[in-house]
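J.: My file is coords_28.csv. It has CSV, C-alpha atoms (C1' of nucleotides):
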chain,number,residue,atom,x,y,z
A,1,MET,CA,136.9,-26.8,-86.5
A,2,PRO,CA,133.9,-24.7,-85.9
A,3,PRO,CA,130.7,-26.2,-87.1
A,4,LYS,CA,129.4,-24.9,-90.4
A,5,ARG,CA,127.0,-22.1,-89.7
A,6,GLU,CA,124.1,-21.6,-92.0
A,7,ASN,CA,123.8,-17.8,-92.2
A,8,PHE,CA,120.3,-16.8,-92.9
A,9,SER,CA,120.5,-13.2,-93.9
A,10,ARG,CA,117.5,-11.0,-93.9
A,11,LYS,CA,117.3,-11.0,-97.6
A,12,ARG,CA,117.7,-14.7,-97.9
A,13,ALA,CA,114.9,-15.2,-95.4
A,14,ALA,CA,112.7,-12.7,-97.2
A,15,ILE,CA,113.2,-14.6,-100.5
A,16,LEU,CA,112.2,-17.9,-98.9
A,17,ALA,CA,109.3,-16.3,-97.1
A,18,ALA,CA,107.9,-14.6,-100.3
A,19,LEU,CA,108.0,-18.0,-102.0
A,20,ARG,CA,106.3,-19.7,-99.1
A,21,GLU,CA,103.5,-17.1,-98.9
A,22,THR,CA,102.3,-17.2,-102.4
A,23,LYS,CA,100.6,-19.9,-104.4
A,24,THR,CA,101.5,-18.5,-107.8
A,25,HIS,CA,104.6,-20.5,-108.4
A,26,PRO,CA,106.5,-17.4,-109.3
A,27,THR,CA,109.6,-16.7,-111.4
A,28,ALA,CA,112.8,-15.3,-109.9
A,29,GLU,CA,111.9,-11.9,-111.3
A,30,TRP,CA,108.5,-11.9,-109.7
A,31,ILE,CA,110.1,-12.5,-106.3
A,32,PHE,CA,112.6,-9.8,-107.1
A,33,ARG,CA,109.9,-7.2,-107.9
A,34,GLN,CA,107.9,-8.3,-104.9
A,35,LEU,CA,110.8,-7.6,-102.5
A,36,LYS,CA,112.4,-4.6,-104.2
A,37,PRO,CA,110.3,-2.0,-102.4
A,38,GLN,CA,111.2,-3.3,-99.0
A,39,TYR,CA,114.8,-4.0,-99.9
A,40,PRO,CA,115.7,-1.3,-102.4
A,41,ASP,CA,119.3,-2.6,-102.9
A,42,LEU,CA,118.3,-6.2,-103.6
A,43,SER,CA,119.7,-7.6,-106.8
A,44,LEU,CA,118.2,-10.1,-109.1
A,45,GLY,CA,121.4,-12.2,-109.0
A,46,THR,CA,120.8,-12.7,-105.2
A,47,VAL,CA,117.4,-14.0,-105.9
A,48,TYR,CA,118.7,-16.5,-108.4
A,49,ARG,CA,121.6,-17.6,-106.2
A,50,ASN,CA,119.4,-18.2,-103.2
A,51,LEU,CA,116.7,-19.9,-105.1
A,52,ASN,CA,119.3,-22.4,-106.5
A,53,ARG,CA,120.6,-22.9,-103.0
A,54,PHE,CA,117.1,-23.5,-101.6
A,55,ARG,CA,116.5,-26.1,-104.3
A,56,GLU,CA,119.8,-27.9,-103.6
A,57,ASN,CA,118.8,-28.0,-100.0
A,58,GLY,CA,115.3,-29.3,-100.8
A,59,LEU,CA,113.7,-26.2,-99.3
A,60,VAL,CA,111.9,-25.3,-102.5
A,61,LEU,CA,111.0,-27.1,-105.7
A,62,SER,CA,111.2,-26.2,-109.4
A,63,VAL,CA,108.1,-26.7,-111.4
A,64,GLY,CA,110.1,-26.5,-114.6
A,65,VAL,CA,110.4,-23.9,-117.3
A,66,VAL,CA,107.2,-22.3,-118.6
A,67,ASP,CA,107.5,-19.9,-121.5
A,68,GLY,CA,111.2,-19.5,-120.9
A,69,TYR,CA,111.0,-18.7,-117.2
A,70,GLU,CA,111.8,-21.2,-114.5
A,71,ARG,CA,108.9,-21.5,-112.0
A,72,PHE,CA,109.5,-22.2,-108.3
A,73,ASP,CA,107.2,-23.7,-105.7
A,74,GLY,CA,107.6,-23.2,-102.0
A,75,ASN,CA,105.3,-26.1,-101.2
A,76,THR,CA,107.5,-29.1,-100.9
A,77,ALA,CA,104.6,-31.5,-100.1
A,78,PRO,CA,104.1,-33.7,-103.1
A,79,HIS,CA,101.3,-32.5,-105.4
A,80,ALA,CA,100.4,-32.2,-109.0
A,81,HIS,CA,100.4,-29.1,-111.2
A,82,LEU,CA,98.4,-27.7,-114.0
A,83,ILE,CA,100.1,-25.4,-116.4
A,84,CYS,CA,97.9,-23.1,-118.4
A,85,LYS,CA,98.9,-23.0,-122.1
A,86,ASN,CA,97.2,-19.7,-122.5
A,87,CYS,CA,98.3,-17.5,-119.6
A,88,GLY,CA,101.2,-19.6,-118.2
A,89,ALA,CA,99.6,-19.8,-114.7
A,90,VAL,CA,100.6,-22.8,-112.6
A,91,LEU,CA,97.9,-24.2,-110.4
A,92,ASP,CA,98.2,-26.7,-107.6
A,93,LEU,CA,96.0,-29.7,-108.1
A,94,PRO,CA,94.3,-30.9,-105.0
A,95,ALA,CA,94.5,-34.6,-105.5
A,96,GLN,CA,97.7,-36.6,-105.5
A,97,VAL,CA,98.4,-39.6,-107.7
A,98,PRO,CA,99.2,-42.5,-105.3
A,99,GLU,CA,99.9,-45.0,-108.0
A,100,LEU,CA,103.3,-43.6,-108.9
A,101,LYS,CA,104.5,-46.3,-106.5
A,102,GLY,CA,104.2,-49.0,-109.2
A,103,LEU,CA,106.2,-46.8,-111.6
A,104,ARG,CA,108.9,-46.2,-109.0
A,105,GLN,CA,109.2,-49.9,-108.3
A,106,ALA,CA,109.4,-50.7,-112.0
A,107,SER,CA,112.1,-48.1,-112.5
A,108,GLN,CA,114.2,-49.5,-109.7
A,109,GLY,CA,113.7,-52.9,-111.2
A,110,ILE,CA,115.6,-51.7,-114.3
A,111,GLY,CA,118.4,-50.4,-112.1
A,112,CYS,CA,117.4,-46.8,-111.7
A,113,ARG,CA,117.5,-44.7,-108.5
A,114,ILE,CA,114.5,-42.5,-108.1
A,115,ASP,CA,114.7,-39.3,-106.1
A,116,SER,CA,111.4,-37.6,-106.9
A,117,ALA,CA,108.4,-37.8,-109.1
A,118,SER,CA,106.2,-35.1,-110.6
A,119,VAL,CA,102.9,-35.1,-112.4
A,120,THR,CA,102.1,-32.2,-114.7
A,121,LEU,CA,98.9,-31.5,-116.6
A,122,ARG,CA,98.7,-29.1,-119.5
A,123,GLY,CA,95.6,-27.3,-120.6
A,124,LEU,CA,93.6,-24.2,-119.7
A,125,CYS,CA,93.0,-22.7,-116.2
A,126,PRO,CA,89.4,-22.0,-115.3
A,127,CYS,CA,90.0,-18.3,-116.0
A,128,CYS,CA,91.1,-18.9,-119.5
A,129,VAL,CA,88.4,-21.5,-120.2
A,130,LYS,CA,85.8,-18.8,-119.4
A,131,LYS,CA,87.6,-16.3,-121.7
A,132,GLU,CA,87.5,-18.7,-124.5
A,133,GLU,CA,83.8,-19.4,-124.1
A,134,THR,CA,83.1,-15.7,-124.1
A,135,ASP,CA,84.9,-14.4,-127.2
A,136,GLY,CA,85.8,-17.6,-129.1
A,137,ALA,CA,82.3,-18.3,-130.6
A,138,SER,CA,83.7,-18.8,-134.1
B,1,MET,CA,90.1,-18.9,-151.6
B,2,PRO,CA,92.8,-21.4,-152.6
B,3,PRO,CA,93.4,-24.2,-150.0
B,4,LYS,CA,96.4,-23.8,-147.9
B,5,ARG,CA,99.3,-25.7,-149.3
B,6,GLU,CA,101.5,-27.6,-146.8
B,7,ASN,CA,104.9,-27.8,-148.4
B,8,PHE,CA,106.8,-30.7,-146.9
B,9,SER,CA,110.4,-30.1,-147.8
B,10,ARG,CA,113.1,-32.8,-147.7
B,11,LYS,CA,114.8,-31.2,-144.7
B,12,ARG,CA,111.6,-31.0,-142.7
B,13,ALA,CA,110.9,-34.6,-143.3
B,14,ALA,CA,114.5,-35.5,-142.4
B,15,ILE,CA,114.1,-33.7,-139.1
B,16,LEU,CA,111.0,-35.5,-138.2
B,17,ALA,CA,112.4,-38.9,-139.3
B,18,ALA,CA,115.6,-38.4,-137.2
B,19,LEU,CA,113.5,-37.7,-134.1
B,20,ARG,CA,111.2,-40.7,-134.8
B,21,GLU,CA,114.2,-43.1,-135.3
B,22,THR,CA,116.0,-42.4,-132.0
B,23,LYS,CA,115.1,-43.1,-128.4
B,24,THR,CA,117.4,-40.6,-126.9
B,25,HIS,CA,115.0,-37.7,-126.6
B,26,PRO,CA,117.5,-35.4,-128.3
B,27,THR,CA,118.1,-31.7,-128.3
B,28,ALA,CA,117.7,-29.5,-131.4
B,29,GLU,CA,121.4,-29.3,-131.7
B,30,TRP,CA,121.8,-33.1,-131.6
B,31,ILE,CA,119.4,-33.5,-134.5
B,32,PHE,CA,121.3,-30.7,-136.3
B,33,ARG,CA,124.6,-32.5,-135.9
B,34,GLN,CA,123.0,-35.7,-137.0
B,35,LEU,CA,121.7,-34.4,-140.3
B,36,LYS,CA,124.5,-31.9,-141.1
B,37,PRO,CA,126.6,-34.5,-143.0
B,38,GLN,CA,123.7,-35.4,-145.3
B,39,TYR,CA,122.4,-31.9,-145.6
B,40,PRO,CA,125.5,-29.7,-145.5
B,41,ASP,CA,123.6,-26.4,-145.8
B,42,LEU,CA,121.1,-27.2,-143.0
B,43,SER,CA,120.8,-24.5,-140.5
B,44,LEU,CA,120.2,-24.8,-136.8
B,45,GLY,CA,117.3,-22.3,-137.0
B,46,THR,CA,115.5,-24.6,-139.4
B,47,VAL,CA,115.7,-27.4,-136.9
B,48,TYR,CA,114.3,-25.2,-134.1
B,49,ARG,CA,111.6,-23.8,-136.4
B,50,ASN,CA,110.4,-27.2,-137.5
B,51,LEU,CA,110.5,-28.8,-134.1
B,52,ASN,CA,108.3,-26.0,-132.8
B,53,ARG,CA,105.9,-26.5,-135.7
B,54,PHE,CA,105.8,-30.3,-135.1
B,55,ARG,CA,105.0,-29.7,-131.5
B,56,GLU,CA,102.2,-27.3,-132.3
B,57,ASN,CA,100.8,-29.9,-134.7
B,58,GLY,CA,101.1,-32.6,-132.1
B,59,LEU,CA,103.6,-34.6,-134.2
B,60,VAL,CA,106.2,-34.6,-131.5
B,61,LEU,CA,106.3,-33.9,-127.8
B,62,SER,CA,108.6,-31.8,-125.6
B,63,VAL,CA,110.0,-33.6,-122.5
B,64,GLY,CA,110.9,-30.3,-121.0
B,65,VAL,CA,114.1,-28.4,-120.4
B,66,VAL,CA,117.0,-30.5,-119.0
B,67,ASP,CA,120.2,-28.6,-118.2
B,68,GLY,CA,119.2,-25.7,-120.3
B,69,TYR,CA,118.4,-27.7,-123.4
B,70,GLU,CA,114.8,-28.5,-124.5
B,71,ARG,CA,114.4,-32.3,-125.1
B,72,PHE,CA,112.1,-33.6,-127.7
B,73,ASP,CA,110.3,-36.9,-128.1
B,74,GLY,CA,109.1,-38.4,-131.4
B,75,ASN,CA,107.0,-41.0,-129.6
B,76,THR,CA,103.6,-39.4,-129.0
B,77,ALA,CA,102.1,-42.4,-127.3
B,78,PRO,CA,101.6,-41.6,-123.6
B,79,HIS,CA,104.5,-42.8,-121.4
B,80,ALA,CA,106.5,-41.7,-118.4
B,81,HIS,CA,110.1,-40.4,-118.4
B,82,LEU,CA,113.1,-40.7,-116.1
B,83,ILE,CA,115.5,-37.8,-116.2
B,84,CYS,CA,119.0,-38.7,-114.9
B,85,LYS,CA,120.3,-35.9,-112.6
B,86,ASN,CA,123.9,-37.0,-113.3
B,87,CYS,CA,124.2,-37.4,-117.1
B,88,GLY,CA,121.0,-35.7,-118.3
B,89,ALA,CA,119.8,-38.8,-120.1
B,90,VAL,CA,116.0,-39.2,-120.6
B,91,LEU,CA,114.7,-42.7,-120.5
B,92,ASP,CA,111.3,-44.0,-121.4
B,93,LEU,CA,109.6,-45.8,-118.6
B,94,PRO,CA,107.7,-48.9,-119.7
B,95,ALA,CA,104.7,-48.7,-117.4
B,96,GLN,CA,102.1,-46.0,-117.7
B,97,VAL,CA,100.2,-44.6,-114.8
B,98,PRO,CA,96.5,-45.3,-115.3
B,99,GLU,CA,95.2,-43.3,-112.4
B,100,LEU,CA,95.8,-39.9,-113.9
B,101,LYS,CA,92.1,-40.3,-114.9
B,102,GLY,CA,91.0,-39.2,-111.4
B,103,LEU,CA,93.3,-36.2,-111.5
B,104,ARG,CA,91.9,-35.2,-114.9
B,105,GLN,CA,88.4,-35.5,-113.7
B,106,ALA,CA,89.1,-33.5,-110.5
B,107,SER,CA,90.7,-30.8,-112.6
B,108,GLN,CA,87.8,-30.5,-114.9
B,109,GLY,CA,85.6,-30.3,-111.8
B,110,ILE,CA,87.4,-27.0,-110.9
B,111,GLY,CA,86.8,-25.7,-114.4
B,112,CYS,CA,90.0,-26.6,-116.1
B,113,ARG,CA,90.4,-28.0,-119.6
B,114,ILE,CA,93.0,-30.7,-119.8
B,115,ASP,CA,94.9,-31.4,-123.0
B,116,SER,CA,97.7,-33.6,-121.8
B,117,ALA,CA,99.4,-35.1,-118.8
B,118,SER,CA,102.9,-36.1,-118.1
B,119,VAL,CA,104.7,-38.1,-115.5
B,120,THR,CA,108.4,-37.4,-114.9
B,121,LEU,CA,110.7,-39.1,-112.4
B,122,ARG,CA,114.1,-37.7,-111.4
B,123,GLY,CA,117.0,-39.7,-110.2
B,124,LEU,CA,119.9,-41.7,-111.7
B,125,CYS,CA,119.8,-43.9,-114.8
B,126,PRO,CA,121.2,-47.5,-114.5
B,127,CYS,CA,124.5,-46.4,-116.1
B,128,CYS,CA,125.1,-43.6,-113.5
B,129,VAL,CA,124.0,-45.8,-110.6
B,130,LYS,CA,126.8,-48.3,-111.5
B,131,LYS,CA,129.3,-45.5,-111.8
B,132,GLU,CA,128.4,-44.2,-108.3
B,133,GLU,CA,128.8,-47.7,-106.8
B,134,THR,CA,132.2,-48.1,-108.4
B,135,ASP,CA,134.0,-44.9,-107.4
B,136,GLY,CA,131.8,-43.3,-104.8
B,137,ALA,CA,132.8,-45.7,-101.9
B,138,SER,CA,133.3,-42.8,-99.5
C,1,DC,C1',138.4,-3.9,-82.4
C,2,DA,C1',140.3,-7.2,-85.7
C,3,DA,C1',140.7,-11.5,-88.4
C,4,DA,C1',138.2,-15.0,-90.9
C,5,DC,C1',134.4,-16.0,-93.3
C,6,DT,C1',129.9,-15.3,-95.7
C,7,DT,C1',126.8,-12.7,-98.4
C,8,DT,C1',125.7,-9.3,-101.5
C,9,DA,C1',125.3,-5.6,-105.6
C,10,DA,C1',126.5,-4.5,-109.9
C,11,DT,C1',127.7,-5.7,-114.1
C,12,DA,C1',129.8,-8.5,-117.5
C,13,DA,C1',129.5,-12.8,-119.8
C,14,DC,C1',127.1,-16.8,-121.4
C,15,DG,C1',124.3,-19.5,-124.3
C,16,DA,C1',120.0,-21.5,-126.0
C,17,DT,C1',116.5,-19.9,-128.8
C,18,DT,C1',114.3,-16.6,-131.9
C,19,DC,C1',114.0,-13.0,-135.4
C,20,DC,C1',115.0,-10.9,-139.8
C,21,DT,C1',116.0,-10.5,-144.7
C,22,DA,C1',117.3,-12.1,-149.0
C,23,DC,C1',117.6,-16.2,-151.4
C,24,DT,C1',116.0,-21.0,-152.7
C,25,DT,C1',112.9,-24.7,-153.2
C,26,DT,C1',108.4,-26.6,-153.9
C,27,DA,C1',103.8,-27.3,-155.8
C,28,DC,C1',100.7,-26.8,-159.3
C,29,DA,C1',99.1,-25.5,-163.7
C,30,DA,C1',99.5,-24.3,-168.6
D,1,DT,C1',109.2,-28.6,-169.1
D,2,DT,C1',108.5,-23.8,-167.5
D,3,DG,C1',106.2,-19.9,-165.1
D,4,DT,C1',105.2,-18.2,-160.7
D,5,DA,C1',103.6,-17.5,-156.3
D,6,DA,C1',103.6,-19.4,-151.9
D,7,DA,C1',106.3,-21.8,-148.5
D,8,DG,C1',110.8,-22.9,-146.8
D,9,DT,C1',115.5,-21.9,-145.7
D,10,DA,C1',120.5,-20.0,-144.5
D,11,DG,C1',123.1,-17.1,-142.1
D,12,DG,C1',123.9,-14.2,-138.7
D,13,DA,C1',122.5,-10.7,-135.5
D,14,DA,C1',119.5,-9.9,-131.6
D,15,DT,C1',117.1,-11.4,-127.5
D,16,DC,C1',116.9,-12.4,-122.9
D,17,DG,C1',116.8,-15.6,-118.8
D,18,DT,C1',120.4,-17.1,-116.2
D,19,DT,C1',125.2,-17.6,-114.3
D,20,DA,C1',129.9,-16.1,-113.2
D,21,DT,C1',132.9,-12.5,-111.4
D,22,DT,C1',134.7,-9.3,-108.3
D,23,DA,C1',135.1,-6.0,-105.0
D,24,DA,C1',132.6,-4.3,-101.2
D,25,DA,C1',129.8,-4.9,-97.1
D,26,DG,C1',128.0,-7.6,-93.4
D,27,DT,C1',128.5,-11.3,-89.7
D,28,DT,C1',130.6,-14.1,-86.3
D,29,DT,C1',134.2,-15.2,-83.1
D,30,DG,C1',138.1,-14.2,-80.1
Kindly return the structure encoded in the file as structure tokens.
T.:
Amino acid sequence: MPPKRENFSRKRAAILAALRETKTHPTAEWIFRQLKPQYPDLSLGTVYRNLNRFRENGLVLSVGVVDGYERFDGNTAPHAHLICKNCGAVLDLPAQVPELKGLRQASQGIGCRIDSASVTLRGLCPCCVKKEETDGAS
Amino acid sequence: MPPKRENFSRKRAAILAALRETKTHPTAEWIFRQLKPQYPDLSLGTVYRNLNRFRENGLVLSVGVVDGYERFDGNTAPHAHLICKNCGAVLDLPAQVPELKGLRQASQGIGCRIDSASVTLRGLCPCCVKKEETDGAS
DNA sequence: CAAACTTTAATAACGATTCCTACTTTACAA
DNA sequence: TTGTAAAGTAGGAATCGTTATTAAAGTTTG
């Protein structure tokens, strides 16, 4: 039995690279539009399929669904996120919350198995805060 | 200018009550099925519309999208959640994480405005942990 | 080159949520 | 009560992000 090969086609590699090279936590469609010029016969289905595969393999993370679109993150190091309620931007937050440990232990005490933890803040990104200050002088 | 009247229909109240009385973090459809016997002409659109209104008013929270369905939470007190990867259950976690304060401050330091924070763990609920121990003895 | 396997493009299908219009209910006052 | 205008609703069609299907193209091995 030959060992299972993990074929890494050019397109698949490009999808992963695009996700790794941006900090915008993009949607599948954003990646698709990004790569389309270089790979004119790329299909959106391929982007979805490979993103799901990456997530199953732990190569990328999902930030969750924002305004109906699933947002992906190529940075697998644990970190928190801010989701802007106004423009939908997803920002990495520099600090990490170390005290999730207590929560993990408490959960395991109840009989749960914990695989991952995520911290998400909601509010306005700096850009939209400024906008609101400018025009929103009711 | 006459003051804006807030009509609080019987159905709207029932939707909110159903969400307040359960700890299951239900979907819109679950609430719909729950209330249908008592309100035979209730429509699913009404449930969606009112849940969105409640969320905008801060009366209920959204736990996020799990397996394609948005999950709601009638308990607005801050608390963490565990999402079971196997059965999709959403559990309240007893302990709260106090150290989000540092993260909030750091975010405001960058110029963000923070409205809310959420902590979500992913893994297996006690029920599914047991199941796995029983049959999954590979 | 040829066989066995993997990946892909294109498009159809899916399904949760939202939108639309006519109808019903509610609130408030006379 | 009863009028009535605003708010709410039912029902179903439309929307649209995502997934499944399928046949074709690419890749690896012998």
J.: Could you please select, counting only C-alpha atoms (C1' of nucleotides), the residues of chain B within 10 Å of chain D and state them as a ChimeraX atom specification?
T.: /B:4-9,11-12,41-46,68
J.: May I have the residues of chain C within 9 Å of chain A, counting only C-alpha atoms (C1' of nucleotides), written as a ChimeraX atom specification?
T.: /C:6-10
J.: Once chain B is superposed on chain A with a least-squares fit on all C-alpha pairs taken in order, can you show it as a compact mmCIF listing (two decimals) with C-alpha atoms, keeping the file's coordinate frame?
T.:
# COMPACT_ATOMS: atom_id res chain seq x y z
CA MET B 1 137.94 -27.93 -87.82
CA PRO B 2 135.35 -25.26 -86.98
CA PRO B 3 131.72 -26.25 -87.86
CA LYS B 4 130.37 -24.73 -90.93
CA ARG B 5 128.40 -21.64 -90.16
CA GLU B 6 125.12 -21.15 -92.08
CA ASN B 7 124.56 -17.43 -92.19
CA PHE B 8 120.89 -16.75 -92.73
CA SER B 9 120.70 -13.16 -93.85
CA ARG B 10 117.50 -11.07 -93.75
CA LYS B 11 117.23 -11.04 -97.55
CA ARG B 12 117.57 -14.80 -97.83
CA ALA B 13 114.87 -15.31 -95.33
CA ALA B 14 112.67 -12.74 -97.10
CA ILE B 15 113.07 -14.66 -100.33
CA LEU B 16 112.07 -17.89 -98.84
CA ALA B 17 109.12 -16.34 -96.94
CA ALA B 18 107.79 -14.64 -100.14
CA LEU B 19 107.81 -17.98 -101.97
CA ARG B 20 106.15 -19.78 -99.01
CA GLU B 21 103.36 -17.10 -98.73
CA THR B 22 102.16 -17.20 -102.36
CA LYS B 23 100.41 -19.85 -104.40
CA THR B 24 101.33 -18.49 -107.73
CA HIS B 25 104.45 -20.52 -108.35
CA PRO B 26 106.38 -17.36 -109.22
CA THR B 27 109.43 -16.62 -111.26
CA ALA B 28 112.68 -15.24 -109.79
CA GLU B 29 111.87 -11.90 -111.21
CA TRP B 30 108.40 -11.85 -109.61
CA ILE B 31 109.89 -12.45 -106.19
CA PHE B 32 112.47 -9.73 -106.96
CA ARG B 33 109.77 -7.21 -107.79
CA GLN B 34 107.88 -8.22 -104.72
CA LEU B 35 110.69 -7.57 -102.27
CA LYS B 36 112.35 -4.61 -104.05
CA PRO B 37 110.20 -2.00 -102.22
CA GLN B 38 111.17 -3.37 -98.80
CA TYR B 39 114.72 -4.11 -99.72
CA PRO B 40 115.69 -1.36 -102.16
CA ASP B 41 119.25 -2.63 -102.73
CA LEU B 42 118.20 -6.26 -103.44
CA SER B 43 119.67 -7.62 -106.54
CA LEU B 44 118.14 -10.05 -108.98
CA GLY B 45 121.26 -12.27 -108.82
CA THR B 46 120.72 -12.74 -105.10
CA VAL B 47 117.24 -14.02 -105.75
CA TYR B 48 118.48 -16.51 -108.37
CA ARG B 49 121.40 -17.56 -106.15
CA ASN B 50 119.21 -18.24 -103.15
CA LEU B 51 116.47 -19.99 -105.02
CA ASN B 52 119.05 -22.37 -106.45
CA ARG B 53 120.45 -22.98 -102.98
CA PHE B 54 116.93 -23.61 -101.55
CA ARG B 55 116.29 -26.09 -104.26
CA GLU B 56 119.52 -27.94 -103.64
CA ASN B 57 118.60 -28.07 -99.95
CA GLY B 58 115.15 -29.31 -100.76
CA LEU B 59 113.48 -26.22 -99.23
CA VAL B 60 111.66 -25.37 -102.39
CA LEU B 61 110.80 -27.13 -105.61
CA SER B 62 111.10 -26.15 -109.28
CA VAL B 63 107.91 -26.64 -111.38
CA GLY B 64 109.94 -26.43 -114.51
CA VAL B 65 110.42 -23.88 -117.24
CA VAL B 66 107.18 -22.23 -118.51
CA ASP B 67 107.58 -19.78 -121.39
CA GLY B 68 111.22 -19.38 -120.77
CA TYR B 69 110.92 -18.61 -117.09
CA GLU B 70 111.72 -21.19 -114.34
CA ARG B 71 108.75 -21.46 -111.87
CA PHE B 72 109.31 -22.19 -108.28
CA ASP B 73 107.12 -23.73 -105.61
CA GLY B 74 107.45 -23.17 -101.85
CA ASN B 75 105.10 -26.05 -101.08
CA THR B 76 107.27 -29.18 -100.89
CA ALA B 77 104.43 -31.52 -100.11
CA PRO B 78 103.84 -33.79 -103.12
CA HIS B 79 101.08 -32.50 -105.44
CA ALA B 80 100.28 -32.24 -109.12
CA HIS B 81 100.35 -29.08 -111.27
CA LEU B 82 98.31 -27.70 -114.15
CA ILE B 83 100.17 -25.41 -116.49
CA CYS B 84 97.84 -23.12 -118.52
CA LYS B 85 99.00 -23.01 -122.19
CA ASN B 86 97.25 -19.63 -122.64
CA CYS B 87 98.29 -17.46 -119.65
CA GLY B 88 101.19 -19.49 -118.21
CA ALA B 89 99.54 -19.79 -114.82
CA VAL B 90 100.51 -22.82 -112.65
CA LEU B 91 97.80 -24.20 -110.48
CA ASP B 92 98.02 -26.74 -107.73
CA LEU B 93 95.86 -29.74 -108.28
CA PRO B 94 94.15 -31.00 -105.14
CA ALA B 95 94.31 -34.74 -105.73
CA GLN B 96 97.55 -36.64 -105.72
CA VAL B 97 98.21 -39.67 -107.82
CA PRO B 98 98.88 -42.63 -105.54
CA GLU B 99 99.88 -45.10 -108.19
CA LEU B 100 103.26 -43.61 -108.94
CA LYS B 101 104.39 -46.29 -106.42
CA GLY B 102 104.31 -48.95 -109.17
CA LEU B 103 106.29 -46.74 -111.52
CA ARG B 104 108.90 -46.15 -108.81
CA GLN B 105 109.20 -49.78 -108.11
CA ALA B 106 109.50 -50.69 -111.82
CA SER B 107 112.20 -48.07 -112.20
CA GLN B 108 114.21 -49.37 -109.36
CA GLY B 109 113.83 -52.83 -110.91
CA ILE B 110 115.82 -51.54 -113.95
CA GLY B 111 118.50 -50.18 -111.65
CA CYS B 112 117.43 -46.63 -111.26
CA ARG B 113 117.45 -44.58 -108.06
CA ILE B 114 114.41 -42.42 -107.70
CA ASP B 115 114.48 -39.20 -105.70
CA SER B 116 111.27 -37.55 -106.74
CA ALA B 117 108.29 -37.72 -109.02
CA SER B 118 106.11 -35.14 -110.55
CA VAL B 119 102.82 -35.04 -112.33
CA THR B 120 102.11 -32.13 -114.69
CA LEU B 121 98.97 -31.54 -116.75
CA ARG B 122 98.80 -29.05 -119.63
CA GLY B 123 95.73 -27.30 -120.80
CA LEU B 124 93.71 -24.17 -119.90
CA CYS B 125 93.03 -22.81 -116.41
CA PRO B 126 89.36 -21.99 -115.49
CA CYS B 127 89.97 -18.28 -116.18
CA CYS B 128 91.22 -18.91 -119.79
CA VAL B 129 88.49 -21.48 -120.48
CA LYS B 130 85.84 -18.77 -119.76
CA LYS B 131 87.66 -16.30 -121.94
CA GLU B 132 87.69 -18.78 -124.87
CA GLU B 133 83.94 -19.42 -124.49
CA THR B 134 83.21 -15.71 -124.50
CA ASP B 135 85.08 -14.48 -127.58
CA GLY B 136 86.11 -17.59 -129.42
CA ALA B 137 82.59 -18.36 -130.90
CA SER B 138 84.04 -18.98 -134.36
J.: Quick one, how far is CA of Cys128 (chain B) from CA of Leu16 (chain B)?
T.: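 Straight-line distance from CA of Cys128 (chain B) to CA of Leu16 (chain B) works out to 29.6 Å.
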J.: How close does chain B get to chain A? List, as CSV, each residue of chain B within 6 Å, its nearest atom pair and the distance in Å to one decimal, counting only C-alpha atoms.
T.:
residue,atom,partner,partner_atom,distance
B:Gly111,CA,A:Pro126,CA,4.6
B:Cys112,CA,A:Pro126,CA,4.7
B:Arg113,CA,A:Leu124,CA,5.0
B:Ile114,CA,A:Gly123,CA,4.4
B:Asp115,CA,A:Gly123,CA,4.8
B:Ser116,CA,A:Arg122,CA,5.2
B:Ala117,CA,A:Leu121,CA,4.2
B:Ser118,CA,A:Thr120,CA,5.2
B:Val119,CA,A:Val119,CA,4.7
B:Thr120,CA,A:Ser118,CA,5.3
B:Leu121,CA,A:Ala117,CA,4.2
B:Arg122,CA,A:Ser116,CA,5.2
B:Gly123,CA,A:Ile114,CA,4.3
B:Leu124,CA,A:Arg113,CA,5.0
B:Cys125,CA,A:Cys112,CA,4.9
B:Pro126,CA,A:Gly111,CA,4.7
J.: Please compute the CA of Tyr39 (chain B)-CA of Leu51 (chain B) distance, one decimal, in Å.
T.: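 Separation between CA of Tyr39 (chain B) and CA of Leu51 (chain B): 16.8 Å.
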J.: Work out how far CA of Glu133 (chain A) is from CA of Thr22 (chain A), in Å to one decimal.
T.: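 Computing the Euclidean distance for CA of Thr22 (chain A) and CA of Glu133 (chain A) yields 28.6 Å.
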J.: Listed atoms of region 39-56 of chain A, axis-aligned box, 8 Å per side: centre and edge lengths to one decimal in Å, as lines of an AutoDock Vina configuration file?
T.:
center_x = 118.2
center_y = -14.6
center_z = -104.5
size_x = 22.8
size_y = 42.6
size_z = 25.2
